[in-house]
>>> print(open('start03.cif').read())   # mmCIF, C-alpha atoms
data_query
#
loop_
_atom_site.label_atom_id
_atom_site.label_comp_id
_atom_site.auth_asym_id
_atom_site.auth_seq_id
_atom_site.Cartn_x
_atom_site.Cartn_y
_atom_site.Cartn_z
CA MET A 30 63.45 85.73 48.40
CA ARG A 31 66.25 84.27 50.43
CA PHE A 32 67.81 86.26 53.27
CA ARG A 33 71.53 86.10 53.87
CA ILE A 34 72.96 87.10 57.23
CA PRO A 35 76.74 87.09 56.85
CA ALA A 36 76.88 90.61 58.27
CA LEU A 37 75.50 89.37 61.60
CA SER A 38 78.27 86.79 62.00
CA THR A 39 80.87 89.38 61.02
CA MET A 40 79.49 91.79 63.61
CA ALA A 41 79.57 89.06 66.26
CA ALA A 42 83.19 88.23 65.40
CA ARG A 43 84.17 91.89 65.62
CA GLY A 44 82.36 92.26 68.93
CA LEU A 45 84.09 89.23 70.41
CA SER A 46 87.51 90.36 69.24
CA GLY A 47 86.84 93.82 70.68
CA LEU A 48 85.82 92.28 73.98
CA ALA A 49 88.96 90.13 74.05
CA LEU A 50 91.13 93.20 73.37
CA LEU A 51 89.38 95.13 76.13
CA LEU A 52 89.95 92.31 78.63
CA LEU A 53 93.60 92.09 77.63
CA LEU A 54 94.15 95.80 78.16
CA ALA A 55 92.23 95.84 81.44
CA ALA A 56 94.38 93.09 82.99
CA PRO A 57 96.54 94.32 85.87
CA SER A 58 100.18 94.81 85.09
CA HIS A 59 102.83 92.93 86.98
CA ALA A 60 105.03 94.88 89.33
CA GLN A 61 108.75 95.02 88.78
CA TYR A 62 110.91 93.40 91.49
CA VAL A 63 114.44 94.62 92.22
CA GLY A 64 116.92 93.61 94.92
CA ARG A 65 118.08 97.07 96.03
CA GLU A 66 116.48 100.49 96.00
CA GLU A 67 119.60 101.89 94.33
CA ASP A 68 118.76 99.76 91.26
CA VAL A 69 115.71 101.97 90.60
CA THR A 70 117.32 104.74 88.57
CA ASP A 71 114.65 106.34 86.39
CA LEU A 72 111.38 106.16 88.34
CA ARG A 73 108.48 107.72 86.46
CA LEU A 74 105.48 109.49 87.96
CA GLY A 75 102.98 106.88 89.18
CA GLN A 76 105.36 103.95 88.64
CA ARG A 77 105.48 101.31 91.39
CA VAL A 78 108.54 99.14 91.97
CA LEU A 79 108.74 96.37 94.57
CA VAL A 80 112.11 96.26 96.35
CA ASP A 81 113.05 93.06 98.15
CA ASP A 82 115.96 94.24 100.28
CA GLY A 83 114.91 92.76 103.64
CA THR A 84 113.98 96.06 105.33
CA CYS A 85 110.29 95.15 105.72
CA PRO A 86 108.83 92.54 108.11
CA ALA A 87 108.28 88.93 107.06
CA GLY A 88 105.57 88.53 104.42
CA GLN A 89 105.96 92.12 103.22
CA VAL A 90 108.01 93.88 100.57
CA LYS A 91 108.94 97.55 100.12
CA GLU A 92 106.97 99.42 97.46
CA VAL A 93 108.69 102.48 96.01
CA LEU A 94 106.28 104.85 94.28
CA GLY A 95 106.98 107.90 92.13
CA SER A 96 104.38 109.96 93.96
CA LYS A 97 104.61 113.56 92.80
CA MET A 98 106.63 116.07 90.81
CA SER A 99 108.84 118.62 92.52
CA GLU A 100 111.29 121.20 91.22
CA THR A 101 114.16 118.74 91.64
CA GLY A 102 112.41 115.77 90.02
CA ILE A 103 110.05 112.99 91.07
CA VAL A 104 109.51 112.47 94.79
CA ARG A 105 109.72 108.83 95.92
CA THR A 106 107.68 107.34 98.72
CA ALA A 107 108.40 103.93 100.22
CA THR A 108 105.93 101.77 102.18
CA CYS A 109 105.80 98.11 103.19
CA VAL A 110 103.02 96.19 101.42
CA PRO A 111 101.94 92.52 101.67
CA ARG A 112 103.85 90.16 99.41
CA PHE A 113 101.62 88.30 96.97
CA GLY A 114 102.72 84.93 95.63
CA PRO A 115 106.03 83.16 96.12
CA LYS A 116 109.29 85.06 96.54
CA LYS A 117 110.87 85.79 93.16
CA LYS A 118 114.61 85.70 92.58
#
>>> encode(input="start03.cif", output="structure tokens")
Amino acid sequence: MRFRIPALSTMAARGLSGLALLLLLAAPSHAQYVGREEDVTDLRLGQRVLVDDGTCPAGQVKEVLGSKMSETGIVRTATCVPRFGPKKK
């Protein structure tokens, strides 16, 4: 009797494709850069936008965060965070 194992290779292929999909989804998202804080019109809860308007010290950029819900809408908080990578235009 001869044993065939095509199911094992199929399972391995499915496992590798599942692992690749998981790694793709787990990758960090890139932040959105804007030039002025007024350009951020529809900030969602938990969304982070990096604003490069020159108000923070050298090597830092302003991060605007939709921090919590209030009766009037989403409350924004702004802090200076370290800039990672080269300055983007």
>>> closest_atom_pairs(input="start03.cif", of="region 84-107 of chain A", to="region 64-69 of chain A", cutoff="12 Å", atoms="all atoms listed in the file", output="JSON lines")
{"residue": "A:Thr84", "atom": "CA", "partner": "A:Arg65", "partner_atom": "CA", "distance": 10.2}
{"residue": "A:Val90", "atom": "CA", "partner": "A:Gly64", "partner_atom": "CA", "distance": 10.6}
{"residue": "A:Lys91", "atom": "CA", "partner": "A:Glu66", "partner_atom": "CA", "distance": 9.1}
{"residue": "A:Glu92", "atom": "CA", "partner": "A:Glu66", "partner_atom": "CA", "distance": 9.7}
{"residue": "A:Val93", "atom": "CA", "partner": "A:Glu66", "partner_atom": "CA", "distance": 8.0}
{"residue": "A:Leu94", "atom": "CA", "partner": "A:Val69", "partner_atom": "CA", "distance": 10.5}
{"residue": "A:Gly95", "atom": "CA", "partner": "A:Val69", "partner_atom": "CA", "distance": 10.7}
{"residue": "A:Arg105", "atom": "CA", "partner": "A:Val69", "partner_atom": "CA", "distance": 10.5}
{"residue": "A:Thr106", "atom": "CA", "partner": "A:Glu66", "partner_atom": "CA", "distance": 11.5}
{"residue": "A:Ala107", "atom": "CA", "partner": "A:Glu66", "partner_atom": "CA", "distance": 9.7}
>>> closest_residue(input="start03.cif", among="A:Lys97, A:Gln61, A:Phe113, A:Gly102", to="Val78 (chain A)", atoms="only C-alpha atoms")
A:Gln61
>>> residues_around(input="start03.cif", residues="Ser96 (chain A)", least_positions_apart="6", cutoff="10 Å", atoms="all atoms listed in the file", output="JSON list (two decimals) with C-alpha atoms, in the frame of the given file")
[["chain", "number", "residue", "atom", "x", "y", "z"],
["A", 72, "LEU", "CA", 111.38, 106.16, 88.34],
["A", 73, "ARG", "CA", 108.48, 107.72, 86.46],
["A", 74, "LEU", "CA", 105.48, 109.49, 87.96],
["A", 75, "GLY", "CA", 102.98, 106.88, 89.18],
["A", 76, "GLN", "CA", 105.36, 103.95, 88.64],
["A", 77, "ARG", "CA", 105.48, 101.31, 91.39],
["A", 103, "ILE", "CA", 110.05, 112.99, 91.07],
["A", 104, "VAL", "CA", 109.51, 112.47, 94.79],
["A", 105, "ARG", "CA", 109.72, 108.83, 95.92],
["A", 106, "THR", "CA", 107.68, 107.34, 98.72],
["A", 107, "ALA", "CA", 108.40, 103.93, 100.22]]
>>> atom_distance(input="start03.cif", atom1="CA of Val110 (chain A)", atom2="CA of Asp81 (chain A)")
11.0 Å
>>> residues_around(input="start03.cif", residues="region 87-89 of chain A", least_positions_apart="5", cutoff="8 Å", atoms="all atoms listed in the file", output="PyMOL selection string")
chain A and resi 109-112
>>> decode(input="start03.cif", residues="region 72-93 of chain A", atoms="N, CA and C atoms", output="short mmCIF file (atom, residue, chain, number, x, y, z; two decimals), in the first residue's frame")
data_model
loop_
_atom_site.label_atom_id
_atom_site.label_comp_id
_atom_site.auth_asym_id
_atom_site.auth_seq_id
_atom_site.Cartn_x
_atom_site.Cartn_y
_atom_site.Cartn_z
N LEU A 72 -11.77 64.24 12.40
CA LEU A 72 -10.94 63.37 13.24
C LEU A 72 -11.84 62.35 13.93
N ARG A 73 -11.48 61.08 13.79
CA ARG A 73 -12.26 60.01 14.42
C ARG A 73 -11.68 59.67 15.78
N LEU A 74 -12.45 58.99 16.58
CA LEU A 74 -12.03 58.57 17.91
C LEU A 74 -10.86 57.61 17.80
N GLY A 75 -9.73 57.93 18.44
CA GLY A 75 -8.55 57.10 18.42
C GLY A 75 -7.61 57.37 17.25
N GLN A 76 -8.02 58.22 16.32
CA GLN A 76 -7.17 58.53 15.17
C GLN A 76 -6.05 59.48 15.57
N ARG A 77 -4.85 59.24 15.04
CA ARG A 77 -3.69 60.08 15.30
C ARG A 77 -3.24 60.72 14.00
N VAL A 78 -3.04 62.03 14.04
CA VAL A 78 -2.57 62.76 12.87
C VAL A 78 -1.36 63.59 13.30
N LEU A 79 -0.28 63.51 12.52
CA LEU A 79 0.92 64.28 12.80
C LEU A 79 0.86 65.59 12.03
N VAL A 80 0.99 66.70 12.77
CA VAL A 80 0.89 68.04 12.18
C VAL A 80 2.26 68.68 12.23
N ASP A 81 2.78 69.03 11.07
CA ASP A 81 4.10 69.65 10.98
C ASP A 81 3.93 71.14 10.69
N ASP A 82 3.57 71.90 11.74
CA ASP A 82 3.34 73.33 11.56
C ASP A 82 4.40 74.19 12.23
N GLY A 83 5.45 73.59 12.77
CA GLY A 83 6.54 74.35 13.36
C GLY A 83 6.32 74.81 14.79
N THR A 84 5.27 74.35 15.46
CA THR A 84 5.01 74.78 16.83
C THR A 84 5.78 73.97 17.86
N CYS A 85 6.30 72.82 17.48
CA CYS A 85 7.06 71.97 18.41
C CYS A 85 8.55 72.22 18.23
N PRO A 86 9.37 71.86 19.24
CA PRO A 86 10.82 72.02 19.13
C PRO A 86 11.42 71.19 18.00
N ALA A 87 12.68 71.47 17.70
CA ALA A 87 13.37 70.75 16.63
C ALA A 87 13.41 69.26 16.94
N GLY A 88 13.18 68.44 15.92
CA GLY A 88 13.19 66.99 16.09
C GLY A 88 11.87 66.43 16.59
N GLN A 89 10.87 67.29 16.76
CA GLN A 89 9.56 66.82 17.22
C GLN A 89 8.48 67.33 16.28
N VAL A 90 7.33 66.68 16.35
CA VAL A 90 6.18 67.04 15.53
C VAL A 90 4.94 66.95 16.42
N LYS A 91 3.94 67.75 16.12
CA LYS A 91 2.71 67.76 16.93
C LYS A 91 1.84 66.56 16.54
N GLU A 92 1.36 65.83 17.54
CA GLU A 92 0.45 64.71 17.32
C GLU A 92 -0.92 65.11 17.84
N VAL A 93 -1.90 65.14 16.95
CA VAL A 93 -3.28 65.44 17.32
C VAL A 93 -4.02 64.12 17.41
#
